[in-house]
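Novice: Contents of final-v8.cif (mmCIF, C-alpha atoms) are given next:
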data_structure
loop_
_atom_site.label_atom_id
_atom_site.label_comp_id
_atom_site.auth_asym_id
_atom_site.auth_seq_id
_atom_site.Cartn_x
_atom_site.Cartn_y
_atom_site.Cartn_z
CA MET A 1 14.04 17.73 24.99
CA VAL A 2 13.28 14.95 22.48
CA THR A 3 15.75 12.07 22.35
CA CYS A 4 16.52 10.14 19.13
CA LYS A 5 14.62 7.18 20.49
CA GLN A 6 11.50 9.29 21.17
CA PHE A 7 11.83 10.97 17.82
CA LEU A 8 11.93 7.68 15.92
CA LYS A 9 8.90 6.46 17.84
CA ASP A 10 7.06 9.55 16.57
CA LEU A 11 8.52 9.44 13.07
CA ASN A 12 5.16 8.57 11.49
CA ASP A 13 3.60 11.62 13.14
CA TYR A 14 6.42 13.78 11.88
CA LEU A 15 5.90 12.50 8.32
CA ASP A 16 2.12 12.86 8.50
CA PRO A 17 1.05 16.05 6.69
CA ASN A 18 -2.04 16.29 8.93
CA VAL A 19 -0.23 16.13 12.22
CA ASP A 20 -0.94 18.73 14.91
CA PRO A 21 1.41 21.69 14.17
CA VAL A 22 2.42 21.86 17.84
CA ILE A 23 3.72 18.29 17.72
CA LYS A 24 5.38 18.98 14.38
CA VAL A 25 7.29 22.00 15.73
CA HIS A 26 8.36 20.02 18.78
CA LEU A 27 9.77 17.21 16.59
CA GLU A 28 11.20 19.62 14.03
CA LYS A 29 13.50 21.05 16.68
CA HIS A 30 15.12 17.64 17.13
CA VAL A 31 15.66 17.16 13.38
CA THR A 32 17.42 20.49 13.04
CA GLU A 33 19.74 19.59 15.90
CA CYS A 34 20.39 15.92 15.15
CA PRO A 35 22.17 15.08 11.88
CA ASN A 36 21.46 11.33 12.17
CA CYS A 37 17.73 11.80 12.55
CA PHE A 38 17.80 14.34 9.72
CA VAL A 39 19.24 11.67 7.43
CA ILE A 40 16.76 9.07 8.68
CA VAL A 41 13.83 11.41 8.00
CA ASP A 42 15.14 12.20 4.53
CA THR A 43 15.75 8.57 3.56
CA THR A 44 12.41 7.43 5.00
CA ARG A 45 10.63 10.12 2.99
CA ARG A 46 12.42 8.99 -0.13
CA THR A 47 11.59 5.36 0.61
CA LEU A 48 7.89 6.23 0.71
CA GLN A 49 8.26 8.37 -2.39
CA VAL A 50 9.74 5.57 -4.52
CA TYR A 51 7.04 3.13 -3.45
CA ARG A 52 4.22 5.59 -4.03
CA GLY A 53 5.60 6.66 -7.39
CA LEU A 54 5.61 3.16 -8.78
CA GLU A 55 2.86 2.38 -11.27
CA PRO A 56 1.46 -1.15 -10.96
CA LYS A 57 2.90 -3.44 -13.60
CA GLU A 58 0.77 -4.85 -16.39
CA ILE A 59 -0.71 -8.24 -15.47
CA PRO A 60 0.75 -11.12 -17.51
CA ASP A 61 -1.44 -11.80 -20.56
CA ASP A 62 -2.28 -15.37 -19.63
CA VAL A 63 -3.34 -14.32 -16.10
CA LYS A 64 -5.50 -11.56 -17.53
CA ALA A 65 -7.06 -13.91 -20.09
CA ARG A 66 -8.01 -16.40 -17.38
CA LEU A 67 -9.52 -13.62 -15.25
CA TRP A 68 -11.76 -12.47 -18.12
CA LYS A 69 -12.73 -16.01 -18.96
CA ALA A 70 -13.77 -16.62 -15.35
CA LEU A 71 -15.74 -13.35 -15.28
CA GLU A 72 -17.48 -14.10 -18.57
CA ARG A 73 -18.51 -17.53 -17.27
CA LYS A 74 -19.88 -15.94 -14.12
CA MET A 75 -21.75 -13.23 -15.99
CA ALA A 76 -23.24 -15.76 -18.42
CA ALA A 77 -24.36 -17.97 -15.53
CA GLU A 78 -26.12 -15.08 -13.81
CA ARG A 79 -27.97 -13.96 -16.91
CA MET B 1 -18.55 28.85 -10.44
CA THR B 2 -19.23 31.16 -13.39
CA PRO B 3 -22.79 32.50 -13.88
CA THR B 4 -23.18 30.37 -17.03
CA SER B 5 -22.31 27.07 -15.28
CA PRO B 6 -25.22 24.66 -15.04
CA SER B 7 -26.53 24.42 -11.51
CA VAL B 8 -27.13 20.66 -11.77
CA ALA B 9 -24.05 18.49 -12.11
CA ILE B 10 -24.16 16.14 -15.11
CA PRO B 11 -23.08 12.65 -14.01
CA ASP B 12 -19.66 11.73 -15.35
CA PRO B 13 -19.96 8.35 -17.12
CA ASN B 14 -16.46 7.45 -15.95
CA ASP B 15 -17.19 8.27 -12.35
CA GLU B 16 -16.77 5.27 -10.04
CA GLY B 17 -20.19 5.74 -8.44
CA THR B 18 -21.91 5.92 -11.85
CA LEU B 19 -20.13 2.76 -13.02
CA VAL B 20 -21.08 0.92 -9.83
CA ALA B 21 -24.75 1.95 -10.20
CA GLN B 22 -24.77 0.81 -13.83
CA ALA B 23 -23.09 -2.49 -12.94
CA GLN B 24 -25.63 -3.01 -10.16
CA ALA B 25 -28.38 -2.51 -12.73
CA GLY B 26 -26.91 -5.39 -14.75
CA ASP B 27 -24.58 -3.53 -17.13
CA SER B 28 -21.67 -5.97 -17.66
CA ALA B 29 -19.65 -3.39 -19.59
CA ALA B 30 -19.69 -1.07 -16.55
CA PHE B 31 -18.44 -3.87 -14.31
CA ALA B 32 -15.76 -4.70 -16.89
CA GLU B 33 -14.63 -1.08 -16.74
CA LEU B 34 -14.29 -1.32 -12.95
CA VAL B 35 -12.23 -4.51 -13.36
CA ASN B 36 -10.07 -2.81 -15.97
CA ARG B 37 -9.52 0.10 -13.68
CA TYR B 38 -8.38 -1.83 -10.63
CA GLN B 39 -7.10 -5.23 -11.79
CA ARG B 40 -3.44 -4.23 -11.84
CA LYS B 41 -3.59 -2.78 -8.34
CA ILE B 42 -5.44 -5.80 -6.97
CA TYR B 43 -2.93 -8.18 -8.56
CA ARG B 44 -0.02 -6.18 -7.13
CA LEU B 45 -1.60 -6.12 -3.69
CA ALA B 46 -2.19 -9.88 -3.78
CA LYS B 47 1.39 -10.50 -4.94
CA HIS B 48 2.77 -8.33 -2.15
CA ILE B 49 0.79 -10.09 0.55
CA THR B 50 0.95 -13.70 -0.65
CA GLN B 51 4.38 -13.53 -2.31
CA ASN B 52 3.22 -16.24 -4.67
CA ASP B 53 2.18 -15.99 -8.35
CA GLU B 54 -0.41 -18.73 -8.23
CA ASP B 55 -2.04 -17.40 -5.08
CA ALA B 56 -2.05 -13.88 -6.47
CA GLU B 57 -3.87 -15.07 -9.58
CA ASP B 58 -6.44 -16.91 -7.48
CA VAL B 59 -6.97 -13.82 -5.34
CA LEU B 60 -7.38 -11.62 -8.41
CA GLN B 61 -10.06 -13.90 -9.83
CA ASP B 62 -11.84 -14.64 -6.57
CA ALA B 63 -11.92 -10.97 -5.53
CA PHE B 64 -13.61 -9.80 -8.72
CA LEU B 65 -15.93 -12.82 -8.90
CA LYS B 66 -17.02 -12.20 -5.32
CA ALA B 67 -17.44 -8.50 -5.99
CA TYR B 68 -19.65 -9.31 -8.97
CA GLU B 69 -21.65 -11.79 -6.95
CA HIS B 70 -22.22 -9.40 -4.05
CA LEU B 71 -22.46 -6.18 -6.03
CA LYS B 72 -26.10 -5.66 -5.14
CA GLY B 73 -25.18 -5.76 -1.46
CA PHE B 74 -22.66 -2.95 -1.90
CA HIS B 75 -24.35 0.23 -0.74
CA GLY B 76 -21.61 2.70 -1.34
CA GLN B 77 -20.79 3.39 2.34
CA SER B 78 -17.19 3.15 1.20
CA LYS B 79 -15.61 3.58 -2.21
CA PHE B 80 -15.80 0.58 -4.55
CA TYR B 81 -12.01 0.51 -4.60
CA THR B 82 -11.80 0.23 -0.78
CA TRP B 83 -14.42 -2.50 -0.90
CA ILE B 84 -12.59 -4.57 -3.52
CA VAL B 85 -9.30 -4.05 -1.66
CA ARG B 86 -10.95 -5.41 1.47
CA ILE B 87 -12.17 -8.51 -0.37
CA ALA B 88 -8.74 -9.05 -1.94
CA VAL B 89 -6.93 -8.62 1.40
CA ASN B 90 -9.19 -11.20 3.05
CA GLU B 91 -8.62 -13.64 0.21
CA SER B 92 -4.86 -13.02 0.34
CA LEU B 93 -4.68 -13.54 4.10
CA MET B 94 -6.59 -16.79 3.76
CA LYS B 95 -4.10 -17.99 1.17
CA LEU B 96 -1.25 -16.99 3.39
CA ARG B 97 -2.70 -18.84 6.37
CA LYS B 98 -3.26 -21.93 4.30
CA ARG B 99 0.28 -21.89 3.01
CA LYS B 100 1.97 -21.04 6.27
CA GLY B 101 -0.26 -23.18 8.45
CA ASP B 102 0.27 -22.52 12.13
CA ARG B 103 3.42 -20.54 11.55
CA PHE B 104 1.35 -17.56 10.45
CA VAL B 105 1.51 -14.81 13.02
CA SER B 106 -1.87 -13.50 14.06
CA LEU B 107 -2.53 -9.95 12.99
CA ASP B 108 -3.78 -9.23 16.50
CA GLU B 109 -0.56 -10.26 18.17
CA PRO B 110 1.28 -7.35 19.79
CA ILE B 111 4.70 -6.63 18.38
CA ASP B 112 7.75 -5.01 19.80
CA THR B 113 8.62 -1.85 17.93
CA GLY B 114 11.48 -1.15 20.31
CA GLU B 115 13.99 1.05 18.60
CA GLU B 116 16.91 -1.22 19.42
CA GLU B 117 15.47 -3.95 17.21
CA VAL B 118 15.77 -1.98 14.00
CA LYS B 119 19.37 -1.45 12.96
CA ARG B 120 20.32 1.93 11.60
CA GLU B 121 22.09 2.62 8.38
CA VAL B 122 22.67 6.35 8.46
CA ALA B 123 23.81 7.42 5.02
CA VAL B 124 22.40 9.65 2.34
CA TRP B 125 21.24 8.28 -1.00
CA GLU B 126 23.19 8.68 -4.18
CA GLY B 127 20.97 10.72 -6.50
CA ASN B 128 17.47 9.63 -7.44
CA PRO B 129 16.82 5.90 -7.77
CA GLU B 130 13.90 6.80 -10.08
CA GLN B 131 16.41 8.25 -12.52
CA GLN B 132 19.21 5.75 -12.00
CA TYR B 133 17.24 2.59 -12.53
CA SER B 134 14.74 1.53 -15.14
CA GLN B 135 11.16 1.20 -13.93
CA GLU B 136 11.54 -2.58 -14.11
CA GLU B 137 14.82 -2.69 -12.18
CA LEU B 138 13.42 -0.39 -9.53
CA GLN B 139 10.28 -2.49 -9.27
CA GLY B 140 12.47 -5.57 -8.72
CA ILE B 141 14.48 -3.87 -5.95
CA LEU B 142 11.37 -2.54 -4.19
CA ASN B 143 9.49 -5.84 -4.40
CA GLU B 144 12.48 -7.75 -3.10
CA ALA B 145 12.67 -5.42 -0.09
CA VAL B 146 8.94 -5.80 0.70
CA GLU B 147 9.27 -9.58 0.36
CA THR B 148 11.69 -9.68 3.29
CA LEU B 149 9.19 -8.09 5.69
CA LYS B 150 7.10 -10.30 7.95
CA PRO B 151 3.52 -10.79 6.65
CA ASP B 152 1.98 -8.50 9.30
CA PHE B 153 4.31 -5.66 8.41
CA ARG B 154 4.19 -6.02 4.65
CA THR B 155 0.38 -6.22 4.68
CA VAL B 156 0.05 -2.95 6.60
CA PHE B 157 2.75 -1.27 4.51
CA THR B 158 1.09 -2.40 1.25
CA LEU B 159 -2.28 -1.01 2.28
CA ARG B 160 -1.02 2.27 3.74
CA ASP B 161 1.95 3.22 1.62
CA ILE B 162 1.39 1.46 -1.69
CA GLU B 163 -2.40 1.40 -2.02
CA GLU B 164 -2.65 4.60 0.03
CA LEU B 165 -5.53 3.63 2.28
CA SER B 166 -5.91 5.76 5.41
CA THR B 167 -4.84 4.44 8.82
CA GLU B 168 -8.51 3.95 9.74
CA GLU B 169 -9.35 2.14 6.49
CA THR B 170 -6.33 -0.13 6.96
CA ALA B 171 -7.38 -0.91 10.53
CA GLN B 172 -10.93 -1.72 9.40
CA THR B 173 -9.77 -3.83 6.46
CA LEU B 174 -7.48 -5.92 8.65
CA GLY B 175 -9.72 -5.94 11.71
CA ILE B 176 -6.96 -4.54 13.93
CA SER B 177 -6.70 -1.40 16.04
CA VAL B 178 -5.43 1.97 14.81
CA PRO B 179 -2.43 1.86 17.22
CA ALA B 180 -1.55 -1.60 15.85
CA VAL B 181 -1.59 -0.23 12.29
CA LYS B 182 0.61 2.66 13.38
CA SER B 183 3.21 0.55 15.14
CA ARG B 184 3.40 -2.00 12.31
CA LEU B 185 3.68 0.75 9.74
CA LEU B 186 6.52 2.40 11.63
CA ARG B 187 8.40 -0.86 11.84
CA ALA B 188 7.82 -1.65 8.15
CA ARG B 189 8.88 1.82 7.04
CA LEU B 190 12.07 1.74 9.11
CA GLU B 191 12.99 -1.73 7.87
CA LEU B 192 12.43 -0.77 4.24
CA ARG B 193 14.33 2.48 4.70
CA GLU B 194 17.19 0.42 6.06
CA LYS B 195 17.20 -2.02 3.16
CA LEU B 196 16.88 0.62 0.47
CA THR B 197 19.56 2.78 2.07
CA ARG B 198 21.98 -0.14 1.87
CA LYS B 199 21.20 -0.36 -1.82
CA PHE B 200 21.03 3.33 -2.74
CA LYS B 201 23.52 4.93 -0.35
CA ARG B 202 26.33 7.14 -1.46
CA LYS B 203 29.50 5.09 -1.31
CA GLY B 204 32.77 6.14 0.30
CA ASP B 205 33.78 8.93 2.66
CA ASP B 206 31.10 11.23 1.40
CA ALA B 207 28.21 9.08 2.64
CA PHE B 208 27.23 11.83 5.10
CA GLY B 209 26.92 14.41 2.36
CA TYR B 210 24.38 16.56 4.21
CA LEU B 211 26.52 17.07 7.29
#
Once more with this new file: its structure as structure tokens, please.

Specialist:
Amino acid sequence: MVTCKQFLKDLNDYLDPNVDPVIKVHLEKHVTECPNCFVIVDTTRRTLQVYRGLEPKEIPDDVKARLWKALERKMAAER
Amino acid sequence: MTPTSPSVAIPDPNDEGTLVAQAQAGDSAAFAELVNRYQRKIYRLAKHITQNDEDAEDVLQDAFLKAYEHLKGFHGQSKFYTWIVRIAVNESLMKLRKRKGDRFVSLDEPIDTGEEEVKREVAVWEGNPEQQYSQEELQGILNEAVETLKPDFRTVFTLRDIEELSTEETAQTLGISVPAVKSRLLRARLELREKLTRKFKRKGDDAFGYL
């Protein structure tokens, strides 16, 4: 019998697609029986989803220009 | 493979390994392509860890300058991207230590991931934040949430869940153990879940919509 506390400790395993299926089934049982943990799993999944779905923003032009200037200087010096 | 397929693979000019080999042979345009490919990610990573625009810019420059300088020493045991991430993380952590002085918590220090320390907001989210907010608004909300995490947690979260390094790669990059990565990641994920749920939760009596 998995308690909520144990389940949350193993939440990363539960969310890991490569986890041992035996562990997964064991944890799954708790999620189907515990509405709170079900919501926590769902909202954690969605948290990871929004972060992973975010494209990196464009670098400000002045920052980018200074980066290229520094690189050009370096490349010229090494030539 | 169809019978007509060539048996020898033609190298893809855009392949990371090909670009690295060309850059190592002195082709500046190939190195520039690698910079173009990863500069936005490296800048984001540096911003997340240092939480400072000036430091992030320094890290961005120093990481690519160092990569260029040491390119010949890169033997392709790892991907170029993992290598440049490692350089950028080291530079970022140095900046952070400098800025925070002695208050910086060592990445080796054990932390308590005791469940009672993370408060629980149990409520479902209202629709899809990706559809409800503009990309820029969402970026602002997500960055603000990461900013509130302690440096140890946000560094691990950034590497694992934003830059999508494996647990082992994250441990190697930070010079900490795999269990330490796992416990920090759990804590970071739960804290962020908590913060985002407060922002995105369904309001009113129907907050437990699944039940």

Novice: Restricting the calculation to only C-alpha atoms, which member of B:Gln51, B:Asn14, B:Ser28, B:Gln131 is positioned closest to Lys74 in chain A?

Specialist: B:Ser28

Novice: As an exercise, work out the distance from CA of Leu60 in chain B to CA of Asp12 in chain B in Å and give it to one decimal place.

Specialist: 27.3 Å

Novice: Translate the PyMOL selection byres ((chain B) within 6 of (chain A)) into a concrete residue list for this structure, as a list in words.

Specialist: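 Going through the file, the PyMOL selection byres ((chain B) within 6 of (chain A)) ends up selecting Arg40, Lys41, Gln61, Ile162 and Arg193 of chain B.
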
Novice: Suppose you want the space between CA of Phe7 in chain A and CA of Glu126 in chain B; what is it in Å?

Specialist: 24.9 Å

Novice: Tell me, in Å to one decimal, how far CA of Ala67 in chain B is from CA of Ile84 in chain B.

Specialist: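 These two atoms are separated by 6.7 Å.
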
Novice: What residues come out when you apply the PyMOL selection byres ((chain B and resi 54-59) around 7) to this file, written as a ChimeraX atom specification?

Specialist: /A:63 /B:43,46-47,50,52-53,60-63,88,91-92,95

Novice: With the file shown as input, list the residues that the PyMOL selection byres ((chain B and resi 199) around 12) selects, as number ranges by chain.

Specialist: A: 43, 47; B: 121, 123-126, 129, 133, 138, 141-142, 144-145, 192-198, 200-203

Novice: When distances are computed from all atoms listed in the file, which of B:Lys66, B:Arg120, B:His48, B:Arg99 shows the smallest separation from Leu149 in chain B?

Specialist: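 Ranked by minimum distance to Leu149 in chain B, first place goes to B:His48.
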
Novice: Which is closest to Ser78 in chain B among B:Leu165, B:Arg37, B:Gly127, B:Lys150, if we use all atoms listed in the file?

Specialist: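 So, comparing all the options, the nearest one is B:Leu165.
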
Novice: Using all atoms listed in the file, which residue out of B:Val122, B:Leu65, B:Leu185, B:Ala171 lies closest to Val35 in chain B?

Specialist: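 Nearest to Val35 in chain B: B:Leu65.
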
Novice: Box for range 71-78 of chain A: with edges along x, y and z, all listed atoms inside and 3 Å added on each side, what are the centre and edge lengths in Å to one decimal, as JSON?

Specialist:
{"center_x": -20.9, "center_y": -15.6, "center_z": -16.2, "size_x": 16.4, "size_y": 10.7, "size_z": 10.8}
